[in-house]
file final-v7.json (JSON, C-alpha atoms)
[["chain", "number", "residue", "atom", "x", "y", "z"],
["I", 1, "MET", "CA", -3.55, -27.58, -3.89],
["I", 2, "THR", "CA", -0.37, -25.58, -3.40],
["I", 3, "GLY", "CA", 0.41, -25.98, -7.10],
["I", 4, "ILE", "CA", -3.03, -24.64, -8.03],
["I", 5, "VAL", "CA", -2.62, -21.59, -5.80],
["I", 6, "LEU", "CA", 0.89, -21.01, -7.17],
["I", 7, "ALA", "CA", -0.30, -21.25, -10.77],
["I", 8, "TYR", "CA", -3.24, -18.95, -10.04],
["I", 9, "SER", "CA", -0.87, -16.38, -8.54],
["I", 10, "LEU", "CA", 1.88, -16.56, -11.16],
["I", 11, "PHE", "CA", -0.27, -16.81, -14.29],
["I", 12, "PRO", "CA", -1.26, -13.10, -14.38],
["I", 13, "LEU", "CA", 2.33, -12.09, -13.65],
["I", 14, "ALA", "CA", 3.65, -14.29, -16.45],
["I", 15, "TRP", "CA", 1.08, -12.85, -18.87],
["I", 16, "LEU", "CA", 2.07, -9.33, -17.82],
["I", 17, "VAL", "CA", 5.79, -9.95, -18.29],
["I", 18, "ILE", "CA", 5.34, -11.60, -21.69],
["I", 19, "ASN", "CA", 3.02, -8.96, -23.10],
["I", 20, "ALA", "CA", 5.14, -6.08, -21.80],
["I", 21, "THR", "CA", 7.78, -7.19, -24.31],
["I", 22, "LYS", "CA", 5.45, -6.69, -27.28],
["I", 23, "SER", "CA", 4.94, -3.63, -29.44],
["I", 24, "ARG", "CA", 1.48, -2.17, -30.02],
["I", 25, "ASP", "CA", 1.04, -4.21, -33.20],
["I", 26, "GLY", "CA", 2.64, -7.34, -31.77],
["I", 27, "LEU", "CA", 0.25, -7.26, -28.82],
["I", 28, "PHE", "CA", -2.69, -8.20, -31.02],
["I", 29, "ALA", "CA", -0.82, -10.25, -33.61],
["I", 30, "SER", "CA", 0.48, -12.95, -31.24],
["I", 31, "PHE", "CA", -0.80, -15.40, -28.65],
["I", 32, "GLY", "CA", -1.11, -13.95, -25.17],
["I", 33, "LEU", "CA", 1.31, -16.38, -23.52],
["I", 34, "ALA", "CA", 3.86, -16.41, -26.36],
["I", 35, "PHE", "CA", 6.56, -13.87, -27.12],
["I", 36, "ALA", "CA", 6.20, -11.90, -30.35],
["I", 37, "ASP", "CA", 8.86, -11.72, -33.04],
["I", 38, "ASP", "CA", 9.88, -8.23, -31.96],
["I", 39, "PHE", "CA", 11.20, -7.77, -28.42],
["I", 40, "ALA", "CA", 10.13, -4.24, -27.49],
["I", 41, "LEU", "CA", 10.38, -4.19, -23.70],
["I", 42, "TRP", "CA", 12.98, -1.42, -23.53],
["I", 43, "ASP", "CA", 11.18, 0.65, -26.16],
["I", 44, "ASN", "CA", 7.93, 0.25, -24.22],
["I", 45, "ILE", "CA", 9.61, 1.35, -20.98],
["I", 46, "VAL", "CA", 11.09, 4.43, -22.63],
["I", 47, "GLU", "CA", 7.76, 5.31, -24.25],
["I", 48, "THR", "CA", 5.92, 4.79, -20.97],
["I", 49, "PHE", "CA", 8.11, 7.37, -19.23],
["I", 50, "THR", "CA", 8.00, 9.85, -22.12],
["I", 51, "TYR", "CA", 4.37, 9.55, -23.25],
["I", 52, "ALA", "CA", 2.19, 12.63, -22.58],
["I", 53, "ASP", "CA", 5.16, 14.74, -21.46],
["I", 54, "GLY", "CA", 6.35, 12.13, -18.97],
["I", 55, "ILE", "CA", 3.18, 12.09, -16.86],
["I", 56, "PHE", "CA", 3.88, 8.49, -15.78],
["I", 57, "LEU", "CA", 6.91, 9.66, -13.77],
["I", 58, "ARG", "CA", 4.73, 12.25, -12.04],
["I", 59, "TRP", "CA", 2.21, 9.54, -11.16],
["I", 60, "LEU", "CA", 5.03, 7.41, -9.80],
["I", 61, "VAL", "CA", 6.28, 10.25, -7.61],
["I", 62, "ASN", "CA", 2.73, 10.89, -6.39],
["I", 63, "THR", "CA", 2.30, 7.24, -5.46],
["I", 64, "VAL", "CA", 5.59, 7.19, -3.58],
["I", 65, "LEU", "CA", 4.51, 10.34, -1.74],
["I", 66, "TYR", "CA", 1.18, 8.80, -0.75],
["I", 67, "VAL", "CA", 2.94, 5.66, 0.47],
["I", 68, "LEU", "CA", 5.68, 7.46, 2.42],
["I", 69, "VAL", "CA", 3.30, 9.84, 4.19],
["I", 70, "GLY", "CA", 0.14, 7.73, 4.27],
["I", 71, "ALA", "CA", 1.36, 4.16, 4.80],
["I", 72, "VAL", "CA", 4.33, 5.03, 7.02],
["I", 73, "GLY", "CA", 2.19, 7.46, 9.01],
["I", 74, "ALA", "CA", -0.57, 4.87, 9.38],
["I", 75, "THR", "CA", 1.94, 2.29, 10.60],
["I", 76, "PHE", "CA", 3.38, 4.72, 13.15],
["I", 77, "LEU", "CA", -0.05, 5.68, 14.49],
["I", 78, "ALA", "CA", -1.18, 2.04, 14.61],
["I", 79, "THR", "CA", 1.99, 1.13, 16.53],
["I", 80, "LEU", "CA", 1.51, 3.87, 19.11],
["I", 81, "ALA", "CA", -2.20, 3.17, 19.56],
["I", 82, "GLY", "CA", -1.79, -0.62, 19.58],
["I", 83, "TYR", "CA", 0.94, -0.45, 22.21],
["I", 84, "GLY", "CA", -1.08, 1.90, 24.37],
["I", 85, "LEU", "CA", -4.21, -0.23, 24.18],
["I", 86, "ALA", "CA", -2.26, -3.42, 24.89],
["I", 87, "LYS", "CA", -0.22, -2.21, 27.86],
["I", 88, "PHE", "CA", -2.31, 0.44, 29.60],
["I", 89, "ASP", "CA", -5.66, 0.12, 31.36],
["I", 90, "PHE", "CA", -8.12, 2.99, 31.23],
["I", 91, "PRO", "CA", -11.90, 3.51, 31.42],
["I", 92, "GLY", "CA", -13.68, 2.70, 28.17],
["I", 93, "LYS", "CA", -11.07, 0.26, 26.90],
["I", 94, "ARG", "CA", -13.71, -2.33, 26.05],
["I", 95, "ALA", "CA", -15.67, 0.27, 24.11],
["I", 96, "VAL", "CA", -12.56, 1.18, 22.13],
["I", 97, "PHE", "CA", -12.03, -2.52, 21.37],
["I", 98, "ALA", "CA", -15.60, -2.79, 20.08],
["I", 99, "VAL", "CA", -15.17, 0.30, 17.89],
["I", 100, "VAL", "CA", -11.91, -1.02, 16.42],
["I", 101, "ILE", "CA", -13.45, -4.43, 15.64],
["I", 102, "GLY", "CA", -16.45, -2.75, 14.08],
["I", 103, "ALA", "CA", -14.22, -0.50, 11.98],
["I", 104, "VAL", "CA", -12.32, -3.53, 10.68],
["I", 105, "ALA", "CA", -15.59, -4.95, 9.39],
["I", 106, "VAL", "CA", -16.50, -1.79, 7.46],
["I", 107, "PRO", "CA", -15.11, -1.78, 3.87],
["I", 108, "GLY", "CA", -13.23, 1.31, 2.80],
["I", 109, "THR", "CA", -15.48, 1.82, -0.21],
["I", 110, "ALA", "CA", -18.47, 2.30, 2.10],
["I", 111, "LEU", "CA", -16.74, 5.30, 3.66],
["I", 112, "ALA", "CA", -15.49, 6.82, 0.41],
["I", 113, "VAL", "CA", -18.57, 8.93, -0.37],
["I", 114, "PRO", "CA", -19.03, 10.30, 3.20],
["I", 115, "THR", "CA", -15.31, 11.05, 3.25],
["I", 116, "PHE", "CA", -15.61, 12.89, -0.05],
["I", 117, "LEU", "CA", -18.51, 15.00, 1.23],
["I", 118, "MET", "CA", -16.60, 15.88, 4.39],
["I", 119, "PHE", "CA", -13.41, 16.76, 2.53],
["I", 120, "SER", "CA", -15.42, 18.76, 0.00],
["I", 121, "GLN", "CA", -16.82, 20.91, 2.80],
["I", 122, "MET", "CA", -13.26, 21.41, 4.08],
["I", 123, "GLY", "CA", -11.96, 22.35, 0.62],
["I", 124, "LEU", "CA", -9.43, 19.50, 0.54],
["I", 125, "THR", "CA", -10.65, 17.61, -2.53],
["I", 126, "ASN", "CA", -8.34, 17.55, -5.54],
["I", 127, "THR", "CA", -5.35, 17.86, -3.21],
["I", 128, "PRO", "CA", -2.86, 15.22, -2.01],
["I", 129, "TRP", "CA", -4.31, 15.52, 1.51],
["I", 130, "SER", "CA", -7.61, 14.02, 0.33],
["I", 131, "VAL", "CA", -5.71, 10.78, -0.36],
["I", 132, "ILE", "CA", -3.14, 10.93, 2.44],
["I", 133, "ILE", "CA", -5.37, 11.72, 5.44],
["I", 134, "PRO", "CA", -7.80, 8.77, 4.99],
["I", 135, "SER", "CA", -4.79, 6.50, 4.47],
["I", 136, "LEU", "CA", -3.49, 7.37, 7.94],
["I", 137, "ILE", "CA", -6.30, 5.38, 9.57],
["I", 138, "THR", "CA", -5.98, 1.59, 9.45],
["I", 139, "PRO", "CA", -8.28, -0.23, 11.89],
["I", 140, "PHE", "CA", -6.87, -3.63, 10.89],
["I", 141, "GLY", "CA", -3.32, -2.42, 11.45],
["I", 142, "LEU", "CA", -4.31, -1.05, 14.85],
["I", 143, "TYR", "CA", -5.93, -4.34, 15.83],
["I", 144, "LEU", "CA", -2.91, -6.29, 14.59],
["I", 145, "MET", "CA", -0.46, -4.14, 16.58],
["I", 146, "TRP", "CA", -2.73, -4.35, 19.62],
["I", 147, "THR", "CA", -2.70, -8.14, 19.66],
["I", 148, "PHE", "CA", 0.99, -8.36, 18.72],
["I", 149, "ALA", "CA", 2.12, -5.93, 21.43],
["I", 150, "ALA", "CA", 0.11, -7.82, 24.04],
["I", 151, "GLU", "CA", 2.11, -10.99, 23.29],
["I", 152, "ALA", "CA", 5.51, -9.63, 22.26],
["I", 153, "ILE", "CA", 6.18, -7.31, 25.22],
["I", 154, "PRO", "CA", 6.24, -8.90, 28.66],
["I", 155, "ASP", "CA", 4.80, -6.78, 31.45],
["I", 156, "GLU", "CA", 7.85, -7.65, 33.55],
["I", 157, "LEU", "CA", 10.09, -5.94, 31.00],
["I", 158, "LEU", "CA", 8.09, -2.73, 31.28],
["I", 159, "GLU", "CA", 8.22, -2.86, 35.06],
["I", 160, "ALA", "CA", 11.99, -3.35, 34.98],
["I", 161, "ALA", "CA", 12.44, -0.34, 32.69],
["I", 162, "ARG", "CA", 10.29, 1.81, 34.94],
["I", 163, "VAL", "CA", 12.17, 0.70, 38.06],
["I", 164, "ASP", "CA", 15.41, 1.73, 36.34],
["I", 165, "GLY", "CA", 13.97, 5.21, 35.92],
["I", 166, "ALA", "CA", 13.04, 5.14, 32.23],
["I", 167, "GLY", "CA", 10.10, 7.30, 31.25],
["I", 168, "GLU", "CA", 7.22, 6.03, 29.14],
["I", 169, "PHE", "CA", 8.55, 7.50, 25.89],
["I", 170, "ARG", "CA", 12.05, 6.14, 26.46],
["I", 171, "THR", "CA", 10.64, 2.75, 27.40],
["I", 172, "PHE", "CA", 8.62, 2.64, 24.22],
["I", 173, "PHE", "CA", 11.29, 3.82, 21.79],
["I", 174, "ARG", "CA", 14.32, 2.12, 23.36],
["I", 175, "VAL", "CA", 12.86, -1.09, 24.81],
["I", 176, "CYS", "CA", 9.55, -1.92, 23.14],
["I", 177, "LEU", "CA", 10.03, -0.71, 19.59],
["I", 178, "PRO", "CA", 12.71, -3.31, 18.68],
["I", 179, "LEU", "CA", 10.44, -6.07, 20.00],
["I", 180, "LEU", "CA", 7.58, -4.76, 17.88],
["I", 181, "ALA", "CA", 9.64, -4.75, 14.65],
["I", 182, "PRO", "CA", 8.04, -7.87, 13.08],
["I", 183, "GLY", "CA", 4.54, -6.56, 13.74],
["I", 184, "ILE", "CA", 5.48, -3.10, 12.48],
["I", 185, "VAL", "CA", 6.85, -4.56, 9.24],
["I", 186, "THR", "CA", 3.70, -6.64, 8.78],
["I", 187, "VAL", "CA", 1.43, -3.62, 9.21],
["I", 188, "LEU", "CA", 3.74, -1.56, 6.99],
["I", 189, "LEU", "CA", 3.48, -4.12, 4.19],
["I", 190, "PHE", "CA", -0.32, -4.26, 4.43],
["I", 191, "THR", "CA", -0.72, -0.48, 4.50],
["I", 192, "MET", "CA", 1.87, 0.02, 1.77],
["I", 193, "VAL", "CA", 0.10, -2.41, -0.57],
["I", 194, "ALA", "CA", -3.29, -0.86, 0.23],
["I", 195, "THR", "CA", -2.01, 2.68, -0.40],
["I", 196, "TRP", "CA", -0.02, 1.73, -3.51],
["I", 197, "ASN", "CA", -3.05, 0.00, -5.03],
["I", 198, "ASN", "CA", -5.54, 2.60, -3.83],
["I", 199, "PHE", "CA", -7.93, 3.37, -6.69],
["I", 200, "PHE", "CA", -11.48, 4.24, -5.66],
["I", 201, "LEU", "CA", -10.59, 6.98, -3.19],
["I", 202, "PRO", "CA", -8.34, 8.91, -5.65],
["I", 203, "LEU", "CA", -10.98, 8.35, -8.34],
["I", 204, "ILE", "CA", -13.60, 10.34, -6.44],
["I", 205, "MET", "CA", -11.22, 12.79, -4.75],
["I", 206, "LEU", "CA", -8.93, 13.92, -7.56],
["I", 207, "ARG", "CA", -9.70, 15.76, -10.80],
["I", 208, "ASP", "CA", -6.25, 17.05, -11.71],
["I", 209, "ALA", "CA", -4.21, 14.37, -13.50],
["I", 210, "GLN", "CA", -1.05, 15.90, -12.00],
["I", 211, "TRP", "CA", -2.04, 14.40, -8.63],
["I", 212, "TYR", "CA", -3.13, 10.97, -9.87],
["I", 213, "PRO", "CA", -1.48, 7.86, -8.42],
["I", 214, "LEU", "CA", -0.31, 5.14, -10.79],
["I", 215, "THR", "CA", -3.51, 3.12, -10.49],
["I", 216, "LEU", "CA", -5.75, 5.97, -11.57],
["I", 217, "GLY", "CA", -3.31, 7.18, -14.21],
["I", 218, "LEU", "CA", -3.09, 3.80, -15.90],
["I", 219, "TYR", "CA", -6.89, 3.56, -15.76],
["I", 220, "THR", "CA", -7.18, 6.83, -17.70],
["I", 221, "TRP", "CA", -4.69, 5.56, -20.30],
["I", 222, "ASN", "CA", -6.69, 2.39, -20.70],
["I", 223, "LYS", "CA", -10.01, 4.26, -20.92],
["I", 224, "GLN", "CA", -8.85, 6.80, -23.49],
["I", 225, "ALA", "CA", -9.03, 4.15, -26.24],
["I", 226, "SER", "CA", -12.84, 4.20, -25.91],
["I", 227, "THR", "CA", -13.13, 7.99, -26.17],
["I", 228, "ALA", "CA", -13.60, 9.91, -29.40],
["I", 229, "GLY", "CA", -10.19, 10.67, -30.88],
["I", 230, "GLY", "CA", -8.43, 8.87, -28.03],
["I", 231, "GLU", "CA", -5.22, 6.98, -28.71],
["I", 232, "ALA", "CA", -5.07, 3.28, -27.85],
["I", 233, "VAL", "CA", -1.95, 2.69, -25.76],
["I", 234, "PHE", "CA", -2.61, -0.76, -24.38],
["I", 235, "HIS", "CA", 1.07, -1.69, -24.67],
["I", 236, "LEU", "CA", 1.92, 1.24, -22.38],
["I", 237, "VAL", "CA", -0.81, 0.26, -19.92],
["I", 238, "ILE", "CA", 0.65, -3.24, -19.70],
["I", 239, "THR", "CA", 4.23, -2.01, -19.41],
["I", 240, "GLY", "CA", 3.19, 0.58, -16.83],
["I", 241, "SER", "CA", 1.38, -2.11, -14.84],
["I", 242, "LEU", "CA", 4.53, -4.22, -14.80],
["I", 243, "LEU", "CA", 6.61, -1.27, -13.62],
["I", 244, "THR", "CA", 3.99, -0.53, -10.97],
["I", 245, "ILE", "CA", 4.26, -3.91, -9.24],
["I", 246, "LEU", "CA", 8.07, -4.06, -9.23],
["I", 247, "PRO", "CA", 8.47, -1.76, -6.18],
["I", 248, "LEU", "CA", 5.98, -3.89, -4.23],
["I", 249, "LEU", "CA", 7.87, -7.07, -5.09],
["I", 250, "ALA", "CA", 11.13, -5.43, -4.04],
["I", 251, "ALA", "CA", 9.59, -4.28, -0.75],
["I", 252, "PHE", "CA", 8.36, -7.79, 0.08],
["I", 253, "LEU", "CA", 11.74, -9.32, -0.74],
["I", 254, "LEU", "CA", 13.63, -6.77, 1.36],
["I", 255, "LEU", "CA", 11.31, -6.91, 4.37],
["I", 256, "GLN", "CA", 10.38, -10.58, 4.43],
["I", 257, "ARG", "CA", 13.12, -11.54, 6.90],
["I", 258, "TYR", "CA", 11.66, -9.13, 9.47],
["I", 259, "TRP", "CA", 8.18, -10.42, 8.71],
["I", 260, "GLN", "CA", 9.06, -14.09, 8.96],
["I", 261, "SER", "CA", 10.94, -13.59, 12.22],
["I", 262, "GLY", "CA", 7.70, -12.60, 13.92],
["I", 263, "LEU", "CA", 5.36, -15.23, 12.56],
["I", 264, "ALA", "CA", 5.91, -17.50, 15.56],
["I", 265, "ALA", "CA", 5.97, -14.73, 18.17],
["I", 266, "GLY", "CA", 3.87, -15.73, 21.14],
["I", 267, "SER", "CA", 3.34, -19.28, 19.87],
["I", 268, "VAL", "CA", 5.43, -20.79, 22.69],
["I", 269, "LYS", "CA", 4.38, -20.07, 26.24],
["I", 270, "GLN", "CA", 7.27, -19.55, 28.65]]
call {"tool": "encode", "arguments": {"input": "final-v7.json", "output": "C-alpha cells"}}
result
Amino acid sequence: MTGIVLAYSLFPLAWLVINATKSRDGLFASFGLAFADDFALWDNIVETFTYADGIFLRWLVNTVLYVLVGAVGATFLATLAGYGLAKFDFPGKRAVFAVVIGAVAVPGTALAVPTFLMFSQMGLTNTPWSVIIPSLITPFGLYLMWTFAAEAIPDELLEAARVDGAGEFRTFFRVCLPLLAPGIVTVLLFTMVATWNNFFLPLIMLRDAQWYPLTLGLYTWNKQASTAGGEAVFHLVITGSLLTILPLLAAFLLLQRYWQSGLAAGSVKQ
C-alpha cells in the first residue's frame, strides 16, 4: 500500500520533470515519460522568465508577497488565538469553540463569492489586499494551535512564570513560544501551501495580470492556446509549474525537523 501511495505521489512529479526538459516541438513528438532527443530545460527556464516581458517573475514576487504577509500573518494570529483559547477561561468559550469547529467544516470556495461582494463594496478588489486579508484567517490553523497549546504548555509552567513576576506578553514570547514551535511550523506549512496554491480567490478578485499569483498566471498561459490568435506555450506552462513547486519542496525539507519534533508531543502522559 505504501508503494502505491508513493507511486501515486511521485508519478506526476516525474512526468513534470521529464516534460520540462522538452522543447515545444519535442513535447508532442515524444512519449510523456521518456526524454526527448533535445534537452531544453535551461532554454525553457530562460524563456519562462523572459516571455511576455518577464511577467513570470512578477507573478513569483506576488506569490511570495501573498505568502509572507498572508501565511505568516495567519500563523501568527492562529498562534495568539490558539494560545489564548487554550490557557485562559472566559465567558462564551464554548461558543467560540463551536464557531471554530463550524468554520473548519466550511470550504473556502463557499465563502469566495460573499467575500468578493464584500470586498467589492469596500473597493478592495483587484488589489493585493483582496488576496491577503482572507488568507489571514485559518480556522483549521486556529484549532490546531488551540489543541497543541493545551498539551504542549503545562499550566504549572505558566504559574511559575507569573510567580516570578513575568507579565502575560513576556510569558508568551519568552516561555511559551519556543514550546509551540512544532505546532507553529505545522500551521505555517499548511497555510503556506494553501496560500501558494491559492487559485479560485485570486481568479474572482483580480483582473490586472500584474497582481496575479503563479497559479492564476500559469492558468492564463495555458488558456491562451484556445483563444483566437493566442500562442500555445505548453512547454512554458510545464516548466513554470516545475519552478512553482520547487520553493514548496525546499520549505518542507528545511522545516521538517521542527515539524517531526512535535509529532509525538503530548503522546506520553507524565
call {"tool": "residues_around", "arguments": {"input": "final-v7.json", "residues": "Ala209 in chain I", "least_positions_apart": "5", "cutoff": "10 Å", "atoms": "all atoms listed in the file", "output": "ChimeraX atom specification"}}
result
/I:55,58-59,126,216-217,220
call {"tool": "residues_around", "arguments": {"input": "final-v7.json", "residues": "range 15-23 of chain I", "least_positions_apart": "5", "cutoff": "7 Å", "atoms": "all atoms listed in the file", "output": "list in words"}}
result
Gly32, Leu33, Ala34, Phe35, Ala36, Asp38, Phe39, Ala40, Leu41, His235, Ile238, Thr239 and Leu242 of chain I
call {"tool": "closest_residue", "arguments": {"input": "final-v7.json", "among": "I:Val113, I:Ile133, I:Ala160, I:Ala250", "to": "Gly70 in chain I", "atoms": "only C-alpha atoms"}}
result
I:Ile133
call {"tool": "closest_residue", "arguments": {"input": "final-v7.json", "among": "I:Gly123, I:Gly183, I:Gly167, I:Pro128", "to": "Leu65 in chain I", "atoms": "all atoms listed in the file"}}
result
I:Pro128
call {"tool": "closest_residue", "arguments": {"input": "final-v7.json", "among": "I:Met205, I:Asp89, I:Thr147, I:Leu180", "to": "Leu117 in chain I", "atoms": "only C-alpha atoms"}}
result
I:Met205
call {"tool": "atom_distance", "arguments": {"input": "final-v7.json", "atom1": "CA of Ile184 in chain I", "atom2": "CA of Thr75 in chain I"}}
result
6.7 Å
call {"tool": "axis_aligned_box", "arguments": {"input": "final-v7.json", "around": "range 240-243 of chain I", "padding_each_side": "6 Å", "output": "AutoDock Vina command-line options"}}
result
--center_x 4.0 --center_y -1.8 --center_z -15.2 --size_x 17.2 --size_y 16.8 --size_z 15.2
call {"tool": "closest_residue", "arguments": {"input": "final-v7.json", "among": "I:Gly73, I:Pro247, I:Gly84, I:Gly26", "to": "Val193 in chain I", "atoms": "all atoms listed in the file"}}
result
I:Pro247
call {"tool": "atom_distance", "arguments": {"input": "final-v7.json", "atom1": "CA of Pro91 in chain I", "atom2": "CA of Tyr143 in chain I"}}
result
18.4 Å
call {"tool": "closest_residue", "arguments": {"input": "final-v7.json", "among": "I:Gly165, I:Gly240, I:Pro213, I:Gly82", "to": "Glu151 in chain I", "atoms": "all atoms listed in the file"}}
result
I:Gly82
call {"tool": "closest_residue", "arguments": {"input": "final-v7.json", "among": "I:Leu80, I:Leu203, I:Leu157, I:Leu27", "to": "Phe234 in chain I", "atoms": "only C-alpha atoms"}}
result
I:Leu27
call {"tool": "residues_around", "arguments": {"input": "final-v7.json", "residues": "Phe200 in chain I", "least_positions_apart": "2", "cutoff": "12 Å", "atoms": "only C-alpha atoms", "output": "list in words"}}
result
Pro107, Gly108, Thr109, Ala110, Leu111, Ala112, Val113, Thr115, Phe116, Val131, Ala194, Thr195, Trp196, Asn197, Asn198, Pro202, Leu203, Ile204, Met205, Leu206, Tyr212, Pro213, Thr215, Leu216 and Tyr219 of chain I
call {"tool": "atom_distance", "arguments": {"input": "final-v7.json", "atom1": "CA of Ile101 in chain I", "atom2": "CA of Phe169 in chain I"}}
result
27.0 Å
call {"tool": "residues_around", "arguments": {"input": "final-v7.json", "residues": "Asp155 in chain I", "least_positions_apart": "2", "cutoff": "12 Å", "atoms": "all atoms listed in the file", "output": "MDAnalysis selection string"}}
result
chainID I and resid 83 86:88 149:153 157:162 171 175:176
call {"tool": "decode", "arguments": {"input": "final-v7.json", "residues": "range 243-254 of chain I", "atoms": "N, CA, C and O atoms", "output": "PDB file, in the first residue's frame"}}
result
ATOM      1  N   LEU I 243       8.955  25.027 -11.684  1.00  0.00           N
ATOM      2  CA  LEU I 243       9.584  26.078 -10.886  1.00  0.00           C
ATOM      3  C   LEU I 243       8.694  26.499  -9.717  1.00  0.00           C
ATOM      4  O   LEU I 243       9.201  26.904  -8.660  1.00  0.00           O
ATOM      5  N   THR I 244       7.394  26.384  -9.894  1.00  0.00           N
ATOM      6  CA  THR I 244       6.457  26.802  -8.851  1.00  0.00           C
ATOM      7  C   THR I 244       6.511  25.891  -7.635  1.00  0.00           C
ATOM      8  O   THR I 244       6.377  26.366  -6.493  1.00  0.00           O
ATOM      9  N   ILE I 245       6.698  24.589  -7.841  1.00  0.00           N
ATOM     10  CA  ILE I 245       6.677  23.668  -6.705  1.00  0.00           C
ATOM     11  C   ILE I 245       8.023  23.563  -6.005  1.00  0.00           C
ATOM     12  O   ILE I 245       8.090  23.055  -4.878  1.00  0.00           O
ATOM     13  N   LEU I 246       9.084  24.039  -6.625  1.00  0.00           N
ATOM     14  CA  LEU I 246      10.409  23.920  -6.001  1.00  0.00           C
ATOM     15  C   LEU I 246      10.501  24.668  -4.668  1.00  0.00           C
ATOM     16  O   LEU I 246      11.058  24.124  -3.704  1.00  0.00           O
ATOM     17  N   PRO I 247       9.979  25.896  -4.538  1.00  0.00           N
ATOM     18  CA  PRO I 247      10.032  26.555  -3.224  1.00  0.00           C
ATOM     19  C   PRO I 247       9.271  25.795  -2.140  1.00  0.00           C
ATOM     20  O   PRO I 247       9.698  25.784  -0.978  1.00  0.00           O
ATOM     21  N   LEU I 248       8.152  25.167  -2.489  1.00  0.00           N
ATOM     22  CA  LEU I 248       7.404  24.389  -1.505  1.00  0.00           C
ATOM     23  C   LEU I 248       8.199  23.179  -1.053  1.00  0.00           C
ATOM     24  O   LEU I 248       8.240  22.856   0.147  1.00  0.00           O
ATOM     25  N   LEU I 249       8.842  22.499  -1.996  1.00  0.00           N
ATOM     26  CA  LEU I 249       9.683  21.355  -1.625  1.00  0.00           C
ATOM     27  C   LEU I 249      10.823  21.797  -0.723  1.00  0.00           C
ATOM     28  O   LEU I 249      11.139  21.129   0.269  1.00  0.00           O
ATOM     29  N   ALA I 250      11.437  22.920  -1.036  1.00  0.00           N
ATOM     30  CA  ALA I 250      12.534  23.431  -0.214  1.00  0.00           C
ATOM     31  C   ALA I 250      12.049  23.783   1.186  1.00  0.00           C
ATOM     32  O   ALA I 250      12.726  23.505   2.191  1.00  0.00           O
ATOM     33  N   ALA I 251      10.856  24.372   1.282  1.00  0.00           N
ATOM     34  CA  ALA I 251      10.314  24.743   2.586  1.00  0.00           C
ATOM     35  C   ALA I 251      10.058  23.506   3.443  1.00  0.00           C
ATOM     36  O   ALA I 251      10.373  23.493   4.642  1.00  0.00           O
ATOM     37  N   PHE I 252       9.503  22.453   2.849  1.00  0.00           N
ATOM     38  CA  PHE I 252       9.247  21.231   3.601  1.00  0.00           C
ATOM     39  C   PHE I 252      10.551  20.595   4.067  1.00  0.00           C
ATOM     40  O   PHE I 252      10.649  20.112   5.200  1.00  0.00           O
ATOM     41  N   LEU I 253      11.564  20.588   3.216  1.00  0.00           N
ATOM     42  CA  LEU I 253      12.842  19.989   3.586  1.00  0.00           C
ATOM     43  C   LEU I 253      13.532  20.773   4.699  1.00  0.00           C
ATOM     44  O   LEU I 253      14.145  20.193   5.598  1.00  0.00           O
ATOM     45  N   LEU I 254      13.422  22.099   4.659  1.00  0.00           N
ATOM     46  CA  LEU I 254      14.079  22.926   5.664  1.00  0.00           C
ATOM     47  C   LEU I 254      13.352  22.909   7.009  1.00  0.00           C
ATOM     48  O   LEU I 254      13.985  23.017   8.066  1.00  0.00           O
TER      49      LEU I 254
END
